[in-house]
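*Asks:* For reference, this is run-v4.cif, and it has mmCIF, C-alpha atoms.
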```cif
data_upload
#
loop_
_atom_site.label_atom_id
_atom_site.label_comp_id
_atom_site.auth_asym_id
_atom_site.auth_seq_id
_atom_site.Cartn_x
_atom_site.Cartn_y
_atom_site.Cartn_z
CA MET A 1467 -22.71 -19.87 -13.34
CA PHE A 1468 -19.18 -18.86 -12.38
CA SER A 1469 -18.12 -15.60 -14.06
CA PHE A 1470 -14.78 -13.86 -14.49
CA LYS A 1471 -16.43 -10.49 -14.97
CA ARG A 1472 -15.17 -7.70 -12.79
CA ALA A 1473 -16.88 -7.83 -9.41
CA VAL A 1474 -19.38 -5.16 -8.46
CA ARG A 1475 -18.69 -3.47 -5.14
CA SER A 1476 -20.50 -5.14 -2.27
CA PRO A 1477 -22.94 -3.20 -0.03
CA PHE A 1478 -20.19 -2.94 2.60
CA LEU A 1479 -17.70 -1.44 0.15
CA GLU A 1480 -20.33 0.94 -1.19
CA ALA A 1481 -20.88 2.12 2.39
CA VAL A 1482 -17.13 2.54 2.96
CA VAL A 1483 -16.81 4.69 -0.16
CA VAL A 1484 -19.20 7.32 1.17
CA ASP A 1485 -18.15 7.14 4.84
CA ASP A 1486 -16.31 10.37 5.59
CA ALA A 1487 -15.59 9.79 9.28
CA ILE A 1488 -11.91 9.31 8.42
CA PRO A 1489 -10.71 11.69 5.69
CA ILE A 1490 -9.06 10.29 2.60
CA ASP A 1491 -8.59 11.46 -0.97
CA PRO A 1492 -11.33 9.88 -3.14
CA ALA A 1493 -8.70 9.25 -5.81
CA ALA A 1494 -6.80 6.99 -3.39
CA VAL A 1495 -10.00 5.12 -2.49
CA ASP A 1496 -10.79 4.53 -6.16
CA LEU A 1497 -7.27 3.27 -6.86
CA TRP A 1498 -7.44 0.90 -3.88
CA PHE A 1499 -10.82 -0.60 -4.71
CA THR A 1500 -9.92 -0.96 -8.38
CA ASP A 1501 -6.77 -2.83 -7.38
CA LEU A 1502 -8.75 -5.03 -4.97
CA HIS A 1503 -10.89 -6.32 -7.82
CA ARG A 1504 -8.01 -7.64 -9.93
CA ARG A 1505 -8.66 -11.27 -10.85
CA ALA A 1506 -5.03 -12.23 -10.27
CA ARG A 1507 -5.34 -11.03 -6.67
CA TRP A 1508 -7.55 -13.99 -5.78
CA ILE A 1509 -5.41 -16.53 -7.64
CA ILE A 1510 -1.77 -15.41 -7.40
CA ARG A 1511 -1.70 -13.50 -4.12
CA PRO A 1512 -2.55 -16.33 -1.68
CA VAL A 1513 0.15 -18.57 -3.16
CA LEU A 1514 2.84 -15.91 -3.33
CA GLN A 1515 2.06 -14.54 0.13
CA PHE A 1516 2.35 -18.03 1.63
CA VAL A 1517 5.64 -18.79 -0.14
CA PHE A 1518 7.20 -15.38 0.47
CA ALA A 1519 6.12 -15.28 4.13
CA ILE A 1520 8.10 -18.48 4.75
CA LEU A 1521 11.03 -17.19 2.69
CA LEU A 1522 10.98 -13.86 4.55
CA HIS A 1523 11.26 -15.46 7.97
CA ILE A 1524 14.08 -17.74 6.81
CA THR A 1525 15.94 -14.76 5.34
CA TRP A 1526 15.31 -12.72 8.51
CA ALA A 1527 16.74 -15.50 10.66
CA LEU A 1528 19.83 -15.91 8.45
CA LYS A 1529 20.52 -12.16 8.34
CA ARG A 1530 20.52 -12.01 12.12
CA LEU A 1531 23.22 -14.62 12.49
CA PRO A 1532 26.67 -13.33 13.59
CA LEU A 1533 27.91 -13.27 10.00
CA PRO A 1534 29.31 -10.42 7.86
CA GLN A 1535 26.48 -8.09 6.85
CA PHE A 1536 25.93 -6.89 3.28
CA SER A 1537 23.52 -4.59 1.48
CA ALA A 1538 22.86 -3.62 -2.13
CA HIS A 1539 20.70 -0.50 -2.19
CA LYS A 1540 21.06 0.36 -5.88
CA PHE A 1541 20.40 -3.20 -7.00
CA LEU A 1542 17.37 -3.32 -4.70
CA GLN A 1543 15.88 -0.20 -6.26
CA LYS A 1544 16.54 -1.45 -9.79
CA GLN A 1545 14.74 -4.69 -8.98
CA ILE A 1546 11.76 -2.88 -7.46
CA CYS A 1547 11.44 -0.47 -10.40
CA PHE A 1548 11.74 -3.35 -12.88
CA TYR A 1549 8.91 -5.28 -11.24
CA CYS A 1550 6.80 -2.14 -10.90
CA ASN A 1551 7.23 -1.27 -14.58
CA TYR A 1552 6.48 -4.74 -15.92
CA PHE A 1553 4.44 -6.73 -13.39
CA VAL A 1554 2.72 -4.44 -10.85
CA THR A 1555 -0.63 -2.87 -11.74
CA PRO A 1556 -0.70 0.85 -12.59
CA GLU A 1557 -3.11 1.40 -9.69
CA ALA A 1558 -0.65 -0.13 -7.23
CA ASN A 1559 2.22 1.89 -8.73
CA GLU A 1560 0.23 5.08 -8.32
CA LEU A 1561 -0.54 4.23 -4.70
CA ILE A 1562 3.18 3.66 -4.09
CA LEU A 1563 4.08 7.01 -5.65
CA ARG A 1564 1.31 8.73 -3.69
CA HIS A 1565 2.88 7.42 -0.49
CA PHE A 1566 6.11 9.30 -1.16
CA THR A 1567 4.22 12.57 -1.56
CA THR A 1568 1.90 12.07 1.41
CA GLU A 1569 4.69 11.22 3.84
CA SER A 1570 7.07 13.89 2.52
CA ASN A 1571 4.33 16.53 2.86
CA ILE A 1572 3.47 15.41 6.39
CA LEU A 1573 7.09 15.49 7.56
CA ASN A 1574 7.77 18.82 5.84
CA PHE A 1575 4.67 20.24 7.54
CA MET A 1576 6.20 19.22 10.86
CA GLN A 1577 9.52 20.77 9.85
CA GLU A 1578 7.88 24.13 9.08
CA ASN A 1579 5.70 24.27 12.15
CA MET A 1580 8.04 22.91 14.83
CA GLN A 1581 11.30 24.15 16.24
CA PRO A 1582 14.06 24.10 15.11
CA ASN A 1583 13.21 25.30 11.61
CA ASP A 1584 16.74 24.85 10.25
CA VAL A 1585 16.19 21.12 9.66
CA THR A 1586 16.61 20.23 5.99
CA PRO A 1587 13.20 19.44 4.44
CA LEU A 1588 12.48 16.32 2.41
CA THR A 1589 12.69 16.36 -1.37
CA LEU A 1590 11.35 12.84 -2.08
CA TYR A 1591 8.55 13.47 -4.58
CA PRO A 1592 8.89 10.94 -7.43
CA ARG A 1593 6.42 11.32 -10.30
CA THR A 1594 7.20 8.12 -12.21
CA VAL A 1595 8.34 4.62 -11.35
CA ASP A 1596 11.80 5.32 -12.75
CA ASP A 1597 12.10 8.34 -10.45
CA MET A 1598 12.24 5.84 -7.59
CA LEU A 1599 15.72 4.88 -8.75
CA ARG A 1600 16.73 8.24 -7.31
CA ASP A 1601 14.07 8.87 -4.64
CA THR A 1602 14.58 5.43 -3.16
CA PHE A 1603 12.61 3.43 -0.61
CA VAL A 1604 15.75 3.16 1.50
CA GLU A 1605 16.22 6.92 1.52
CA HIS A 1606 12.51 7.30 2.27
CA ASP A 1607 13.00 5.40 5.54
CA GLN A 1608 16.26 7.13 6.42
CA GLU A 1609 14.77 10.58 5.82
CA LEU A 1610 11.90 9.77 8.18
CA PHE A 1611 14.35 8.84 10.93
CA ARG A 1612 16.48 11.91 10.24
CA MET A 1613 13.52 14.27 10.42
CA ILE A 1614 12.21 12.86 13.71
CA ARG A 1615 15.74 12.87 15.19
CA ASP A 1616 16.67 16.39 14.05
CA LEU A 1617 13.38 17.98 15.08
CA GLY A 1618 13.96 16.63 18.56
CA PRO A 1619 11.58 17.17 21.50
CA ALA A 1620 8.58 19.32 20.58
CA ASP A 1621 8.04 22.79 22.03
CA ARG A 1622 4.32 22.61 22.79
CA SER A 1623 4.07 26.04 24.44
CA SER A 1624 2.28 27.61 21.45
CA TRP A 1625 0.07 24.63 20.61
CA PRO A 1626 -2.58 24.35 19.36
CA LYS A 1627 -1.86 26.88 16.63
CA ALA A 1628 -4.53 28.93 14.94
CA ALA A 1629 -5.16 27.99 11.32
CA LYS A 1630 -3.75 31.33 10.14
CA ASP A 1631 -0.45 30.65 11.95
CA LEU A 1632 0.29 27.35 10.24
CA LYS A 1633 2.89 27.34 7.46
CA TRP A 1634 2.48 25.51 4.16
CA SER A 1635 5.28 26.72 1.89
CA LEU A 1636 6.82 23.22 1.58
CA TRP A 1637 3.50 21.49 0.88
CA ARG A 1638 3.31 20.11 -2.67
CA PRO A 1639 0.23 19.01 -4.64
CA MET A 1640 -0.13 15.38 -5.66
CA ASP A 1641 1.65 15.18 -9.00
CA ILE A 1642 1.84 11.72 -10.60
CA ASP A 1643 2.89 11.54 -14.25
CA GLU A 1644 0.23 10.26 -16.65
CA SER A 1645 2.67 7.65 -17.99
CA VAL A 1646 2.23 5.66 -14.76
CA ARG A 1647 -1.36 4.84 -15.80
CA LYS A 1648 -0.33 3.13 -19.05
CA ARG A 1649 -0.80 -0.61 -18.74
CA ARG A 1650 1.25 -3.53 -20.04
CA TRP A 1651 -0.49 -6.86 -20.38
CA THR A 1652 1.98 -8.32 -17.88
CA GLN A 1653 1.02 -5.86 -15.12
CA VAL A 1654 -1.24 -8.11 -13.04
CA LEU A 1655 0.25 -8.03 -9.52
CA ASP A 1656 -1.91 -6.06 -7.08
CA PHE A 1657 -0.52 -3.89 -4.29
CA GLU A 1658 -0.49 -6.56 -1.59
CA THR A 1659 1.03 -9.23 -3.84
CA ALA A 1660 3.74 -6.81 -4.92
CA HIS A 1661 4.56 -6.03 -1.30
CA ALA A 1662 4.87 -9.74 -0.50
CA LEU A 1663 7.58 -9.91 -3.16
CA PHE A 1664 9.30 -6.67 -2.20
CA MET A 1665 9.54 -7.46 1.51
CA CYS A 1666 11.75 -10.45 0.77
CA LEU A 1667 13.99 -8.36 -1.47
CA PHE A 1668 14.27 -5.72 1.24
CA CYS A 1669 15.18 -8.25 3.91
CA PHE A 1670 17.84 -9.89 1.74
CA LEU A 1671 19.40 -6.74 0.26
CA LEU A 1672 19.54 -4.63 3.44
CA THR A 1673 21.66 -5.25 6.50
CA ALA A 1674 19.84 -6.74 9.49
CA GLU A 1675 19.91 -3.36 11.24
CA GLU A 1676 18.62 -1.46 8.20
CA TYR A 1677 15.76 -3.91 7.76
CA ARG A 1678 14.91 -3.92 11.46
CA ASP A 1679 14.74 -0.12 11.44
CA SER A 1680 12.66 -0.12 8.26
CA ILE A 1681 9.92 -2.42 9.58
CA ASN A 1682 9.86 -0.68 12.96
CA GLY A 1683 9.69 2.81 11.46
CA PHE A 1684 5.95 2.27 10.97
CA ASN A 1685 5.52 2.61 14.74
CA LEU A 1686 6.46 6.28 14.51
CA ASP A 1687 3.00 6.83 13.00
CA GLN A 1688 1.61 7.18 16.51
CA SER A 1689 4.22 9.77 17.51
CA ILE A 1690 3.60 11.81 14.36
CA ALA A 1691 -0.17 11.70 14.88
CA ILE A 1692 0.13 12.82 18.51
CA LYS A 1693 2.36 15.78 17.68
CA ILE A 1694 0.37 17.02 14.70
CA GLY A 1695 -2.89 16.44 16.58
CA GLU A 1696 -1.70 18.64 19.45
CA MET A 1697 -0.36 21.20 16.99
CA ILE A 1698 -3.65 21.68 15.12
CA GLY A 1699 -5.91 20.98 18.09
CA ASP A 1700 -7.34 17.68 16.86
CA PRO A 1701 -6.76 14.85 19.37
CA THR A 1702 -8.63 12.35 17.15
CA LEU A 1703 -5.63 12.07 14.79
CA VAL A 1704 -4.00 9.46 17.01
CA GLU A 1705 -6.87 7.11 16.09
CA TYR A 1706 -5.52 7.05 12.51
CA ALA A 1707 -2.37 5.22 13.65
CA TYR A 1708 -2.54 1.41 13.62
CA ASN A 1709 1.22 1.04 14.21
CA LYS A 1710 2.16 2.20 17.69
CA HIS A 1711 4.69 2.09 20.53
CA PRO A 1712 8.05 2.72 18.80
CA LEU A 1713 9.99 1.52 21.87
CA TYR A 1714 8.68 -2.01 21.25
CA LEU A 1715 10.75 -3.49 18.42
CA VAL A 1716 9.02 -6.08 16.26
CA GLY A 1717 10.05 -8.56 13.59
CA PRO A 1718 8.49 -9.34 10.20
CA TRP A 1719 5.42 -11.09 11.61
CA ASN A 1720 2.18 -9.54 10.25
CA LEU A 1721 4.31 -7.19 8.15
CA GLY A 1722 1.89 -7.06 5.22
CA GLN A 1723 -0.94 -5.66 7.32
CA ARG A 1724 1.32 -3.27 9.20
CA PHE A 1725 2.67 -1.95 5.89
CA LEU A 1726 -0.82 -1.42 4.48
CA MET A 1727 -2.00 0.34 7.62
CA HIS A 1728 1.02 2.64 7.45
CA GLY A 1729 0.00 3.56 3.91
CA PHE A 1730 -3.59 4.22 4.99
CA PHE A 1731 -2.32 6.30 7.91
CA THR A 1732 -0.37 8.67 5.67
CA GLU A 1733 -3.34 8.98 3.29
CA TYR A 1734 -5.69 9.73 6.21
CA LEU A 1735 -3.39 12.28 7.83
CA HIS A 1736 -2.53 13.91 4.50
CA ALA A 1737 -6.23 14.37 3.69
CA ARG A 1738 -6.86 15.81 7.18
CA LEU A 1739 -4.03 18.30 6.71
CA GLU A 1740 -5.44 19.23 3.31
CA GLN A 1741 -8.62 20.21 5.16
CA GLU A 1742 -6.54 22.26 7.58
CA ARG A 1743 -4.66 23.90 4.71
CA ALA A 1744 -7.94 24.92 3.08
CA ALA A 1745 -9.11 26.39 6.38
CA SER A 1746 -5.76 28.18 6.76
CA GLU A 1747 -6.06 29.70 3.28
CA GLY A 1748 -9.61 30.81 4.08
CA ALA A 1749 -8.44 32.42 7.30
CA SER A 1750 -5.65 34.30 5.54
CA VAL A 1751 -8.11 35.68 2.94
CA LYS A 1752 -10.29 37.08 5.69
#
```
Just give me the structure of the file as structure tokens.

*Replies:*
Amino acid sequence: MFSFKRAVRSPFLEAVVVDDAIPIDPAAVDLWFTDLHRRARWIIRPVLQFVFAILLHITWALKRLPLPQFSAHKFLQKQICFYCNYFVTPEANELILRHFTTESNILNFMQENMQPNDVTPLTLYPRTVDDMLRDTFVEHDQELFRMIRDLGPADRSSWPKAAKDLKWSLWRPMDIDESVRKRRWTQVLDFETAHALFMCLFCFLLTAEEYRDSINGFNLDQSIAIKIGEMIGDPTLVEYAYNKHPLYLVGPWNLGQRFLMHGFFTEYLHARLEQERAASEGASVK
């Protein structure tokens, strides 16, 4: 008989949970799998993804016409925070907030351990959904581009660095406010469904250039992985990056998967650096 009871993890998912070949915070894994098992995901998501995929490509085509460009960053953030507070699951909201911390920590790690060291570090560490009105998604993208640009070409002469020589003063612990976990009965949209909605808002409320840069920024994952891998002496880090080749500019096709893989990349790399930080602290004690 058909049942609406919460699904038990399949043998494959049970295997994935314990597979430690690629590092990741167990808390992030639990949030992801809990969100995957939302009933609405199997009913609402396919319909919304189909509708919004068509709408996204129409919007993308219209924005690229030789017409006056417009953007509305503040309105965009208000819309995102409204939907997150009232319609997106707490698990998905926590994953979104985690992404700010993981990417800010990764980029600040690069800032501390590369030359020049006078580049302004990132301060995007929202703890609640409403904090994203200030620490915005738009600024998140722009700060990534600024950091890569200002750090410039890497001086690899001292790489790989010994664990004791790595700097961690800008590294912050994961700090998500407990209020994010409170659930309203209307919060049924899983992470992927929410992204299908948000990507249309982004495309419409950013200029064509801003949106193009935003969806191509994922391809810097490969560059970040290569540099940090050489810095800490771990060439396997480049395997974490699904999005590659930043010189090749892409459009919104397959954006949902590319976005998810960018999120997994930052979680993987953040967890690997946490291992390195623990080793560095152990080395300094000795």

*Asks:* I need the output of the PyMOL selection byres ((chain A and resi 1551) around 10) for this file as a PDB file with C-alpha atoms, in the coordinates of the input; which residues are they?

*Replies:*
```
ATOM      1  CA  GLN A1545      14.740  -4.690  -8.980  1.00  0.00           C
ATOM      2  CA  ILE A1546      11.760  -2.880  -7.460  1.00  0.00           C
ATOM      3  CA  CYS A1547      11.440  -0.470 -10.400  1.00  0.00           C
ATOM      4  CA  PHE A1548      11.740  -3.350 -12.880  1.00  0.00           C
ATOM      5  CA  TYR A1549       8.910  -5.280 -11.240  1.00  0.00           C
ATOM      6  CA  CYS A1550       6.800  -2.140 -10.900  1.00  0.00           C
ATOM      7  CA  TYR A1552       6.480  -4.740 -15.920  1.00  0.00           C
ATOM      8  CA  PHE A1553       4.440  -6.730 -13.390  1.00  0.00           C
ATOM      9  CA  VAL A1554       2.720  -4.440 -10.850  1.00  0.00           C
ATOM     10  CA  THR A1555      -0.630  -2.870 -11.740  1.00  0.00           C
ATOM     11  CA  PRO A1556      -0.700   0.850 -12.590  1.00  0.00           C
ATOM     12  CA  ASN A1559       2.220   1.890  -8.730  1.00  0.00           C
ATOM     13  CA  THR A1594       7.200   8.120 -12.210  1.00  0.00           C
ATOM     14  CA  VAL A1595       8.340   4.620 -11.350  1.00  0.00           C
ATOM     15  CA  ASP A1596      11.800   5.320 -12.750  1.00  0.00           C
ATOM     16  CA  VAL A1646       2.230   5.660 -14.760  1.00  0.00           C
ATOM     17  CA  LYS A1648      -0.330   3.130 -19.050  1.00  0.00           C
ATOM     18  CA  ARG A1649      -0.800  -0.610 -18.740  1.00  0.00           C
ATOM     19  CA  ARG A1650       1.250  -3.530 -20.040  1.00  0.00           C
ATOM     20  CA  THR A1652       1.980  -8.320 -17.880  1.00  0.00           C
ATOM     21  CA  GLN A1653       1.020  -5.860 -15.120  1.00  0.00           C
TER      22      GLN A1653
END
```

*Asks:* Step by step, work through what the PyMOL selection byres ((chain A and resi 1705-1718) around 7) selects in the shown file, and finish by giving those residues as a list in words.

*Replies:*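 With the PyMOL selection byres ((chain A and resi 1705-1718) around 7) on this model, the match is Asn1682, Phe1684, Asn1685, Leu1686, Asp1687, Gln1688, Ala1691, Thr1702, Leu1703, Val1704, Trp1719, Asn1720, Leu1721, Arg1724, Met1727, His1728, Phe1731 and Tyr1734 of chain A.
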
*Asks:* Would you kindly translate the PyMOL selection byres ((chain A and resi 1530) around 12) into the concrete residues it picks from this file, as JSON, numbers by chain?

*Replies:* {"A": [1523, 1524, 1525, 1526, 1527, 1528, 1529, 1531, 1532, 1533, 1534, 1535, 1536, 1669, 1670, 1672, 1673, 1674, 1675, 1676, 1677, 1678, 1717]}

*Asks:* For a test of reading the model, state the distance in Å between atom CA of Pro1582 of chain A and atom CA of Arg1615 of chain A, rounded to one decimal.

*Replies:*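 Going from atom CA of Pro1582 of chain A over to atom CA of Arg1615 of chain A, I get 11.4 Å.
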
*Asks:* Mind pulling up the distance from atom CA of Tyr1591 of chain A to atom CA of Thr1567 of chain A?

*Replies:* 5.4 Å

*Asks:* Select, from A:Leu1726, A:Glu1569, A:Ala1737, A:Phe1575, the residue with the minimum atom-to-atom distance to Phe1657 of chain A, counting all atoms listed in the file.

*Replies:*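 Distance minimum relative to Phe1657 of chain A lands on A:Leu1726.
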
*Asks:* So, with only C-alpha atoms as the atoms that count, which of A:Ile1510, A:Ala1481, A:Leu1632, A:Leu1588 lies closest to Val1654 of chain A?

*Replies:* A:Ile1510
